[in-house]
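Trainee: Contents of model.csv (CSV, C-alpha atoms):
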chain,number,residue,atom,x,y,z
A,1,MET,CA,0.0,0.0,0.0
A,2,LYS,CA,2.8,2.3,1.0
A,3,VAL,CA,4.6,1.5,-2.2
A,4,LEU,CA,1.5,2.4,-4.2
A,5,VAL,CA,1.1,5.7,-2.3
A,6,GLY,CA,4.8,6.4,-2.9
A,7,ILE,CA,4.5,5.7,-6.6
A,8,VAL,CA,1.3,7.8,-7.0
A,9,PHE,CA,2.7,10.8,-5.2
A,10,GLY,CA,6.1,10.4,-6.8
A,11,VAL,CA,4.5,10.5,-10.2
A,12,LEU,CA,2.3,13.5,-9.2
A,13,THR,CA,5.3,15.5,-7.9
A,14,ALA,CA,7.3,14.7,-11.1
A,15,LEU,CA,4.4,15.8,-13.2
A,16,ALA,CA,4.0,19.0,-11.3
A,17,ILE,CA,7.7,19.7,-11.7
A,18,ALA,CA,7.6,18.9,-15.4
A,19,ALA,CA,4.6,21.2,-15.9
A,20,GLY,CA,6.3,23.9,-13.9
A,21,VAL,CA,9.5,23.7,-15.9
A,22,TYR,CA,7.5,23.6,-19.2
A,23,ILE,CA,5.5,26.7,-18.2
A,24,TRP,CA,8.7,28.4,-17.0
A,25,MET,CA,10.5,27.8,-20.4
A,26,GLU,CA,7.4,28.9,-22.3
A,27,MET,CA,7.4,32.2,-20.3
A,28,GLY,CA,11.1,32.5,-20.9
A,29,GLU,CA,10.6,32.4,-24.6
A,30,LYS,CA,7.8,34.9,-24.4
A,31,HIS,CA,10.1,37.0,-22.2
A,32,GLU,CA,12.8,36.9,-24.9
A,33,ASP,CA,10.3,37.9,-27.6
A,34,PHE,CA,8.9,40.8,-25.6
A,35,PHE,CA,12.4,41.9,-24.7
A,36,SER,CA,13.7,41.9,-28.3
A,37,GLU,CA,10.5,43.6,-29.4
A,38,ARG,CA,10.9,46.3,-26.8
A,39,LYS,CA,14.5,46.8,-27.9
A,40,GLY,CA,13.4,47.2,-31.5
A,41,LEU,CA,10.7,49.6,-30.4
A,42,GLU,CA,13.2,51.6,-28.4
A,43,GLN,CA,15.5,51.9,-31.5
A,44,GLU,CA,12.5,52.9,-33.7
A,45,ILE,CA,11.5,55.5,-31.2
A,46,SER,CA,15.0,56.9,-31.0
A,47,GLY,CA,15.1,57.1,-34.8
A,48,LEU,CA,11.7,58.8,-34.9
A,49,LYS,CA,12.8,61.3,-32.3
A,50,THR,CA,15.9,62.1,-34.3
A,51,ASP,CA,13.8,62.6,-37.5
A,52,LEU,CA,11.3,64.9,-35.7
A,53,GLY,CA,14.2,67.0,-34.3
A,54,ASP,CA,12.6,70.2,-32.9
A,55,TRP,CA,9.2,69.6,-34.5
A,56,ASN,CA,6.6,71.1,-32.3
A,57,GLY,CA,3.4,70.1,-34.1
A,58,THR,CA,1.9,71.6,-37.2
A,59,PRO,CA,2.5,75.4,-37.4
A,60,ASP,CA,-0.5,77.7,-37.5
A,61,ASP,CA,0.2,78.9,-41.0
A,62,LYS,CA,-0.8,75.5,-42.6
A,63,ALA,CA,-4.3,76.6,-43.3
A,64,SER,CA,-3.3,79.9,-44.8
A,65,ILE,CA,-0.6,78.2,-47.0
A,66,THR,CA,-3.1,75.6,-48.2
A,67,GLN,CA,-5.5,78.4,-49.0
A,68,ILE,CA,-2.9,80.3,-51.0
A,69,ILE,CA,-1.8,77.2,-52.9
A,70,ASP,CA,-5.4,76.2,-53.7
A,71,SER,CA,-6.2,79.7,-54.9
A,72,LEU,CA,-3.1,80.0,-57.1
A,73,GLU,CA,-3.5,76.5,-58.5
A,74,ASP,CA,-7.2,77.2,-59.2
A,75,THR,CA,-6.1,80.4,-61.1
A,76,LEU,CA,-3.5,78.5,-63.1
A,77,ASP,CA,-5.8,75.6,-63.8
A,78,ALA,CA,-8.3,78.0,-65.2
A,79,LEU,CA,-5.6,79.7,-67.4
A,80,GLU,CA,-4.0,76.5,-68.9
A,81,PRO,CA,-6.9,75.6,-71.3
A,82,VAL,CA,-7.0,79.2,-72.6
A,83,LEU,CA,-3.2,79.7,-72.9
A,84,GLU,CA,-3.2,80.0,-76.6
A,85,GLU,CA,-6.0,82.5,-76.5
A,86,LEU,CA,-4.3,84.6,-73.8
A,87,LEU,CA,-1.0,84.7,-75.7
A,88,SER,CA,-2.5,85.6,-79.0
A,89,LYS,CA,-4.8,88.3,-77.5
A,90,LYS,CA,-3.7,91.6,-79.0
A,91,GLY,CA,-5.1,93.7,-76.1
A,92,LEU,CA,-4.0,97.3,-76.6
A,93,LEU,CA,-2.0,96.4,-79.7
A,94,SER,CA,-3.4,97.6,-83.0
A,95,GLU,CA,-2.1,94.6,-84.9
A,96,GLU,CA,-2.5,90.8,-84.3
A,97,THR,CA,0.2,88.9,-82.6
A,98,SER,CA,1.9,86.0,-84.2
A,99,LEU,CA,2.1,83.0,-81.9
A,100,ASN,CA,3.8,79.6,-82.2
A,101,LEU,CA,2.9,77.4,-79.3
A,102,ALA,CA,4.7,74.1,-79.1
A,103,GLU,CA,3.4,70.9,-77.5
A,104,PRO,CA,3.7,70.9,-73.7
A,105,HIS,CA,6.2,68.7,-71.8
A,106,ASP,CA,6.2,67.7,-68.2
A,107,ALA,CA,9.2,68.0,-65.9
A,108,ALA,CA,9.7,68.3,-62.1
A,109,SER,CA,6.0,68.5,-61.3
A,110,TRP,CA,5.4,71.3,-63.9
A,111,ARG,CA,4.0,71.4,-67.4
A,112,PHE,CA,5.9,73.6,-69.7
A,113,TYR,CA,4.5,75.2,-72.9
A,114,PRO,CA,7.2,76.7,-75.0
A,115,PHE,CA,6.1,79.6,-77.2
A,116,LEU,CA,7.4,82.1,-79.6
A,117,LEU,CA,5.4,85.3,-79.8
A,118,GLU,CA,5.9,88.2,-82.2
A,119,VAL,CA,4.3,91.7,-81.9
A,120,GLU,CA,4.9,94.9,-83.7
A,121,GLU,CA,3.9,98.1,-82.1
A,122,GLU,CA,5.1,101.4,-80.6
A,123,ARG,CA,7.6,101.1,-77.8
A,124,VAL,CA,5.2,102.2,-75.0
A,125,LYS,CA,2.5,99.8,-76.2
A,126,VAL,CA,5.0,97.0,-76.4
A,127,ASP,CA,6.0,97.8,-72.8
A,128,SER,CA,2.4,97.6,-71.7
A,129,PHE,CA,2.0,94.4,-73.6
A,130,ILE,CA,4.8,92.8,-71.7
A,131,ALA,CA,3.4,93.9,-68.4
A,132,ASP,CA,0.0,92.7,-69.3
A,133,LEU,CA,1.4,89.4,-70.5
A,134,TYR,CA,3.0,88.8,-67.1
A,135,HIS,CA,-0.1,90.0,-65.3
A,136,LYS,CA,-2.3,87.5,-67.2
A,137,LEU,CA,0.2,84.6,-66.9
A,138,PRO,CA,1.9,84.9,-63.5
A,139,VAL,CA,4.3,82.0,-64.2
A,140,ILE,CA,6.0,82.6,-67.5
A,141,ASN,CA,9.7,82.5,-68.1
A,142,LEU,CA,11.4,84.2,-71.1
A,143,ASP,CA,14.5,82.5,-72.6
A,144,HIS,CA,15.2,85.6,-74.6
A,145,LEU,CA,13.7,88.7,-76.1
A,146,TYR,CA,14.6,90.2,-79.4
A,147,ALA,CA,13.6,93.8,-80.3
A,148,ASP,CA,14.0,95.3,-83.7
A,149,TRP,CA,13.3,99.0,-84.0
A,150,LYS,CA,11.6,100.0,-87.2
A,151,GLY,CA,11.1,103.8,-87.0
A,152,GLN,CA,8.5,104.5,-84.3
A,153,LYS,CA,7.6,100.8,-84.0
A,154,VAL,CA,9.3,97.9,-82.4
A,155,LYS,CA,9.1,94.4,-83.6
A,156,LEU,CA,9.4,92.3,-80.5
A,157,THR,CA,10.0,88.5,-80.5
A,158,LEU,CA,9.6,86.7,-77.2
A,159,VAL,CA,10.8,83.2,-76.8
A,160,GLY,CA,9.9,81.5,-73.5
A,161,THR,CA,7.7,79.0,-71.6
A,162,ALA,CA,4.5,79.3,-69.8
A,163,ARG,CA,4.4,76.8,-66.9
A,164,PHE,CA,1.6,75.3,-64.9
A,165,PRO,CA,1.6,72.9,-62.0
A,166,GLU,CA,1.4,69.4,-63.4
A,167,PRO,CA,-1.9,67.6,-62.5
A,168,VAL,CA,-1.5,65.0,-59.8
A,169,LYS,CA,-1.5,61.5,-61.3
A,170,ASN,CA,-3.6,59.0,-59.5
B,1,MET,CA,29.4,-16.0,35.0
B,2,ILE,CA,27.0,-13.2,34.7
B,3,LYS,CA,26.2,-11.7,31.3
B,4,VAL,CA,24.8,-8.1,31.3
B,5,ASP,CA,23.0,-7.0,28.1
B,6,LEU,CA,23.7,-3.2,27.9
B,7,SER,CA,21.9,-2.7,24.6
B,8,VAL,CA,18.9,-0.3,24.8
B,9,PRO,CA,15.9,-1.9,23.4
B,10,HIS,CA,14.4,0.2,20.5
B,11,SER,CA,10.8,-0.1,19.8
B,12,ARG,CA,10.7,0.4,15.9
B,13,LYS,CA,7.5,2.3,15.3
B,14,LYS,CA,6.3,1.8,11.7
B,15,MET,CA,4.6,4.7,10.0
B,16,THR,CA,1.0,4.2,9.4
B,17,VAL,CA,-0.4,4.5,5.8
B,18,GLY,CA,-2.2,7.8,6.8
B,19,GLN,CA,1.1,9.3,8.0
B,20,PHE,CA,2.8,8.1,4.8
B,21,ILE,CA,0.1,9.8,2.6
B,22,LEU,CA,0.4,13.0,4.7
B,23,LEU,CA,4.2,13.0,4.2
B,24,PHE,CA,4.0,12.6,0.4
B,25,LEU,CA,1.1,15.1,0.3
B,26,GLY,CA,3.3,17.6,2.2
B,27,ILE,CA,6.2,17.1,-0.2
B,28,PHE,CA,3.8,17.4,-3.2
B,29,LEU,CA,2.2,20.6,-2.0
B,30,GLY,CA,5.5,22.1,-1.0
B,31,VAL,CA,7.0,21.5,-4.4
B,32,THR,CA,3.8,22.8,-6.1
B,33,LEU,CA,3.9,25.9,-3.9
B,34,ILE,CA,7.5,26.6,-4.8
B,35,LEU,CA,6.7,26.2,-8.5
B,36,VAL,CA,3.6,28.4,-8.3
B,37,VAL,CA,5.5,31.2,-6.5
B,38,GLY,CA,8.3,31.0,-9.0
B,39,LEU,CA,5.9,31.1,-11.9
B,40,LEU,CA,4.0,34.0,-10.5
B,41,LEU,CA,7.2,36.0,-10.1
B,42,LYS,CA,8.1,35.2,-13.7
B,43,TRP,CA,4.6,36.1,-14.8
B,44,ASN,CA,4.8,39.4,-13.0
B,45,SER,CA,8.1,40.3,-14.7
B,46,LEU,CA,6.6,39.2,-18.1
B,47,SER,CA,3.6,41.5,-17.4
B,48,ASN,CA,5.9,44.4,-16.7
B,49,ILE,CA,7.8,44.0,-19.9
B,50,ALA,CA,4.5,43.6,-21.8
B,51,ASP,CA,3.2,46.8,-20.2
B,52,ASP,CA,6.4,48.6,-21.1
B,53,ARG,CA,6.1,47.3,-24.7
B,54,ASP,CA,2.6,48.5,-25.0
B,55,GLU,CA,3.6,52.0,-23.7
B,56,LEU,CA,6.4,52.1,-26.2
B,57,LYS,CA,4.1,51.0,-29.0
B,58,ASN,CA,1.7,53.9,-28.1
B,59,LEU,CA,4.7,56.3,-28.1
B,60,ARG,CA,5.9,54.9,-31.4
B,61,ASP,CA,2.5,55.4,-32.9
B,62,SER,CA,2.1,58.9,-31.7
B,63,LEU,CA,5.7,59.8,-33.0
B,64,SER,CA,4.9,58.1,-36.3
B,65,GLU,CA,1.8,60.3,-36.6
B,66,ALA,CA,3.8,63.4,-35.7
B,67,LYS,CA,6.4,62.4,-38.4
B,68,ALA,CA,3.7,61.9,-41.0
B,69,GLU,CA,2.3,65.3,-40.1
B,70,MET,CA,5.7,66.9,-40.3
B,71,ILE,CA,6.4,65.3,-43.8
B,72,SER,CA,3.0,66.5,-45.0
B,73,TYR,CA,3.6,70.0,-43.8
B,74,LYS,CA,7.1,70.1,-45.2
B,75,ASP,CA,5.8,68.9,-48.6
B,76,LEU,CA,3.1,71.6,-48.5
B,77,ARG,CA,5.6,74.2,-47.5
B,78,ASN,CA,8.0,73.2,-50.3
B,79,HIS,CA,5.2,73.3,-52.8
B,80,TYR,CA,4.2,76.7,-51.6
B,81,ASN,CA,7.8,78.0,-51.7
B,82,GLU,CA,8.3,76.6,-55.2
B,83,LEU,CA,5.1,78.3,-56.5
B,84,ILE,CA,6.0,81.6,-54.8
B,85,THR,CA,9.6,81.4,-56.0
B,86,VAL,CA,8.5,80.8,-59.6
B,87,GLN,CA,6.0,83.6,-59.4
B,88,THR,CA,8.5,86.0,-57.9
B,89,GLU,CA,11.2,85.1,-60.4
B,90,SER,CA,8.7,85.6,-63.2
B,91,MET,CA,7.8,89.0,-61.8
B,92,ASN,CA,11.4,90.1,-61.3
B,93,GLU,CA,12.2,88.9,-64.8
B,94,GLN,CA,9.4,91.0,-66.2
B,95,ASN,CA,10.6,94.1,-64.2
B,96,ASN,CA,14.2,93.6,-65.3
B,97,LEU,CA,13.2,93.1,-69.0
B,98,ARG,CA,11.1,96.3,-69.0
B,99,GLU,CA,13.7,98.2,-67.2
B,100,ILE,CA,16.5,97.1,-69.6
B,101,LEU,CA,14.4,97.9,-72.6
B,102,SER,CA,13.6,101.3,-71.2
B,103,LEU,CA,17.2,102.0,-70.3
B,104,LEU,CA,18.5,101.1,-73.7
B,105,TYR,CA,16.1,103.5,-75.2
B,106,ILE,CA,16.2,106.5,-72.8
B,107,LYS,CA,19.9,106.5,-72.3
B,108,LEU,CA,20.5,107.1,-76.0
B,109,GLU,CA,22.5,110.2,-76.7
B,110,PRO,CA,21.1,112.8,-79.0
B,111,GLY,CA,21.5,111.7,-82.6
B,112,MET,CA,21.8,108.0,-81.6
B,113,LYS,CA,19.4,105.4,-82.9
B,114,LEU,CA,18.6,102.0,-81.5
B,115,LEU,CA,18.4,99.4,-84.2
B,116,ALA,CA,17.9,96.2,-82.3
B,117,CYS,CA,18.6,94.4,-79.1
B,118,ARG,CA,18.6,90.8,-77.8
B,119,ILE,CA,18.1,90.3,-74.1
B,120,ASP,CA,18.9,86.9,-72.6
B,121,SER,CA,18.9,85.9,-68.9
B,122,ASP,CA,22.5,86.9,-68.4
B,123,SER,CA,23.4,89.2,-71.4
B,124,VAL,CA,22.2,92.0,-73.6
B,125,VAL,CA,23.4,92.8,-77.0
B,126,ALA,CA,22.2,96.2,-78.5
B,127,ASN,CA,22.9,97.4,-82.0
B,128,CYS,CA,22.8,101.2,-82.4
B,129,LEU,CA,23.8,103.9,-84.7
B,130,SER,CA,25.8,106.9,-83.4
B,131,PRO,CA,27.2,110.1,-85.0
B,132,SER,CA,30.4,109.6,-83.0
B,133,ASN,CA,32.3,107.1,-80.9
B,134,VAL,CA,32.3,109.6,-78.0
B,135,LYS,CA,28.5,109.4,-77.9
B,136,VAL,CA,28.7,105.7,-77.7
B,137,ALA,CA,31.1,105.9,-74.9
B,138,ARG,CA,28.8,108.3,-73.0
B,139,TYR,CA,25.8,106.0,-73.8
B,140,MET,CA,27.8,103.1,-72.3
B,141,GLU,CA,28.7,105.2,-69.3
B,142,ALA,CA,25.1,106.1,-68.7
B,143,LEU,CA,24.0,102.5,-69.0
B,144,SER,CA,26.7,101.4,-66.5
B,145,GLU,CA,25.1,103.7,-63.9
B,146,SER,CA,22.3,101.2,-63.7
B,147,GLU,CA,22.7,98.4,-61.1
B,148,LEU,CA,20.9,96.0,-63.3
B,149,ILE,CA,23.4,95.8,-66.2
B,150,LYS,CA,27.2,96.0,-66.5
B,151,VAL,CA,28.8,97.3,-69.6
B,152,ASP,CA,31.1,94.8,-71.2
B,153,ARG,CA,32.4,96.4,-74.4
B,154,SER,CA,31.3,97.9,-77.7
B,155,GLU,CA,32.3,96.7,-81.1
B,156,PRO,CA,32.1,99.1,-84.1
B,157,GLN,CA,30.4,97.4,-87.0
B,158,GLY,CA,31.1,100.0,-89.8
B,159,THR,CA,28.9,102.8,-91.0
B,160,ARG,CA,25.3,102.9,-92.0
B,161,GLN,CA,23.1,105.8,-93.0
B,162,GLY,CA,26.2,108.0,-92.5
B,163,LEU,CA,26.4,106.9,-88.8
B,164,ILE,CA,28.7,104.5,-87.0
B,165,GLU,CA,27.0,101.2,-86.2
B,166,HIS,CA,28.0,99.9,-82.8
B,167,ARG,CA,27.3,96.6,-81.1
B,168,VAL,CA,27.1,97.2,-77.4
B,169,LEU,CA,27.6,94.1,-75.2
B,170,LEU,CA,26.2,94.2,-71.7
B,171,ARG,CA,26.0,91.7,-68.8
B,172,VAL,CA,22.9,91.4,-66.7
B,173,GLN,CA,23.8,91.6,-63.0
If you convert what's in this file into structure tokens, what do you get?
Mentor:
Amino acid sequence: MKVLVGIVFGVLTALAIAAGVYIWMEMGEKHEDFFSERKGLEQEISGLKTDLGDWNGTPDDKASITQIIDSLEDTLDALEPVLEELLSKKGLLSEETSLNLAEPHDAASWRFYPFLLEVEEERVKVDSFIADLYHKLPVINLDHLYADWKGQKVKLTLVGTARFPEPVKN
Amino acid sequence: MIKVDLSVPHSRKKMTVGQFILLFLGIFLGVTLILVVGLLLKWNSLSNIADDRDELKNLRDSLSEAKAEMISYKDLRNHYNELITVQTESMNEQNNLREILSLLYIKLEPGMKLLACRIDSDSVVANCLSPSNVKVARYMEALSESELIKVDRSEPQGTRQGLIEHRVLLRVQ
């Protein structure tokens, strides 16, 4: 009887020890996982803190900047389809302008429209024409200007590009 | 002969089955208690690390959000700066062009005529007719007073309409 009791309790104790050791080892593995995960997180946080530097939240001017950009882009978007019309508009000039508008090309988030524009008029009117051109198209860039004086009149050749923000590709 | 037995008689008490069960139950419970305490301590340490990890995860998430906000703002700011720079450059270019054109015309000496000019981003070439080389020199001196252009040189091109044709080379500052 005693032998039987000894065997039963011996087996029970061994089972309890085995279960304890098994659970301990399982916890140990989990501990290792958590530990390495925590280490990884600490490194990630340190990197993020470095990236953020002295960033103190979004500055107050975000709304006003967004508004300015939207307004300017809306203006330019509206101008792009009527570019040819705007460039060839004679305005104060007494004679028609001669326009050569090339196919647009995209580069660095802008769409460029190269053009060659010729006008012939009195100097003062040509001056007004240039001012008006820049007023109508706020983002044009002239490569060169050639002026040829013919008596009171000036024959002006403008070679440049009109640029517009490239539409966002989805 | 007298024999004396000095040995102490021991009465060997045998453990009863009940005592035997109690002994083994005690050993079993003792071992189990030690194991449970050990496991609880380990569990506590594990919980602390898990809590730590959760806190770090929250911090990481909020920092990632802040970084995304920062990138978005910087992109917006760069876009804004680019648009404003392009617009400002365009406006400055227009002002410079008009001023150079005007200067070339109004600085002409009496008797001089402007025939043509070519204005690039960094240089200006003007062709003019002048009654004398002195007037061309004065014209160039007058032009050099402007902060916008710098006189390079003038090259006589022969005569035309009884006047000396000059090619005046200027640099845009």
Trainee: Using only C-alpha atoms, select each residue of chain A with any atom at most 6 Å away from an atom of chain B, and give the selection as number ranges by chain.
Mentor: A: 13, 20, 31, 38, 45, 138-141, 144-149
Trainee: One decimal, Å: what's the distance from CA of Gly57 (chain A) over to CA of Asp75 (chain B), could you say?
Mentor: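 Taking CA of Gly57 (chain A) and CA of Asp75 (chain B), their separation equals 14.7 Å.
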Trainee: CA of Ser46 (chain A) and CA of Phe34 (chain A), how far apart in Å?
Mentor: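 Computing the Euclidean distance for CA of Phe34 (chain A) and CA of Ser46 (chain A) yields 18.0 Å.
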Trainee: So that I can see what lies close to region 149-163 of chain B, please list as an MDAnalysis selection string the residues with an atom at most 6 Å from it, counting all atoms listed in the file and leaving out residues fewer than 2 positions away in the same chain.
Mentor: chainID B and resid 129:131 144 147 165:173
Trainee: Give me, please, the distance in Å between CA of Val136 (chain B) and CA of Leu148 (chain B), quoted to one decimal.
Mentor: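 CA of Val136 (chain B) sits 19.0 Å away from CA of Leu148 (chain B).
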Trainee: Please supply region 61-85 of chain A, rebuilt with N, CA and C atoms, as a tab-separated table (two decimals), keeping the file's coordinate frame.
Mentor:
chain	number	residue	atom	x	y	z
A	61	ASP	N	0.39	78.33	-39.65
A	61	ASP	CA	0.20	78.90	-41.00
A	61	ASP	C	-0.21	77.84	-42.03
A	62	LYS	N	-0.43	76.58	-41.61
A	62	LYS	CA	-0.80	75.50	-42.60
A	62	LYS	C	-2.04	75.87	-43.35
A	63	ALA	N	-3.05	76.33	-42.62
A	63	ALA	CA	-4.30	76.60	-43.30
A	63	ALA	C	-4.16	77.76	-44.28
A	64	SER	N	-3.41	78.80	-43.91
A	64	SER	CA	-3.30	79.90	-44.80
A	64	SER	C	-2.44	79.52	-46.06
A	65	ILE	N	-1.40	78.69	-45.84
A	65	ILE	CA	-0.60	78.20	-47.00
A	65	ILE	C	-1.44	77.39	-47.92
A	66	THR	N	-2.24	76.48	-47.34
A	66	THR	CA	-3.10	75.60	-48.20
A	66	THR	C	-4.04	76.49	-49.00
A	67	GLN	N	-4.56	77.53	-48.35
A	67	GLN	CA	-5.50	78.40	-49.00
A	67	GLN	C	-4.82	79.14	-50.21
A	68	ILE	N	-3.60	79.62	-49.96
A	68	ILE	CA	-2.90	80.30	-51.00
A	68	ILE	C	-2.58	79.40	-52.19
A	69	ILE	N	-2.10	78.19	-51.85
A	69	ILE	CA	-1.80	77.20	-52.90
A	69	ILE	C	-3.04	76.88	-53.71
A	70	ASP	N	-4.12	76.60	-53.01
A	70	ASP	CA	-5.40	76.20	-53.70
A	70	ASP	C	-5.81	77.37	-54.64
A	71	SER	N	-5.74	78.57	-54.11
A	71	SER	CA	-6.20	79.70	-54.90
A	71	SER	C	-5.32	79.89	-56.15
A	72	LEU	N	-3.98	79.81	-55.95
A	72	LEU	CA	-3.10	80.00	-57.10
A	72	LEU	C	-3.23	78.85	-58.09
A	73	GLU	N	-3.38	77.63	-57.58
A	73	GLU	CA	-3.50	76.50	-58.50
A	73	GLU	C	-4.86	76.57	-59.26
A	74	ASP	N	-5.89	77.04	-58.57
A	74	ASP	CA	-7.20	77.20	-59.20
A	74	ASP	C	-7.05	78.22	-60.38
A	75	THR	N	-6.34	79.31	-60.08
A	75	THR	CA	-6.10	80.40	-61.10
A	75	THR	C	-5.38	79.79	-62.29
A	76	LEU	N	-4.29	79.08	-61.98
A	76	LEU	CA	-3.50	78.50	-63.10
A	76	LEU	C	-4.20	77.45	-63.83
A	77	ASP	N	-4.98	76.63	-63.11
A	77	ASP	CA	-5.80	75.60	-63.80
A	77	ASP	C	-6.75	76.18	-64.77
A	78	ALA	N	-7.30	77.32	-64.38
A	78	ALA	CA	-8.30	78.00	-65.20
A	78	ALA	C	-7.58	78.61	-66.46
A	79	LEU	N	-6.32	79.01	-66.28
A	79	LEU	CA	-5.60	79.70	-67.40
A	79	LEU	C	-5.07	78.70	-68.42
A	80	GLU	N	-4.69	77.49	-67.96
A	80	GLU	CA	-4.00	76.50	-68.90
A	80	GLU	C	-4.84	76.24	-70.13
A	81	PRO	N	-6.15	75.95	-70.04
A	81	PRO	CA	-6.90	75.60	-71.30
A	81	PRO	C	-6.98	76.81	-72.25
A	82	VAL	N	-6.83	78.04	-71.71
A	82	VAL	CA	-7.00	79.20	-72.60
A	82	VAL	C	-5.67	79.91	-72.85
A	83	LEU	N	-4.58	79.16	-72.69
A	83	LEU	CA	-3.20	79.70	-72.90
A	83	LEU	C	-3.05	80.36	-74.24
A	84	GLU	N	-3.41	79.58	-75.26
A	84	GLU	CA	-3.20	80.00	-76.60
A	84	GLU	C	-3.96	81.35	-76.87
A	85	GLU	N	-5.18	81.35	-76.38
A	85	GLU	CA	-6.00	82.50	-76.50
A	85	GLU	C	-5.41	83.74	-75.82
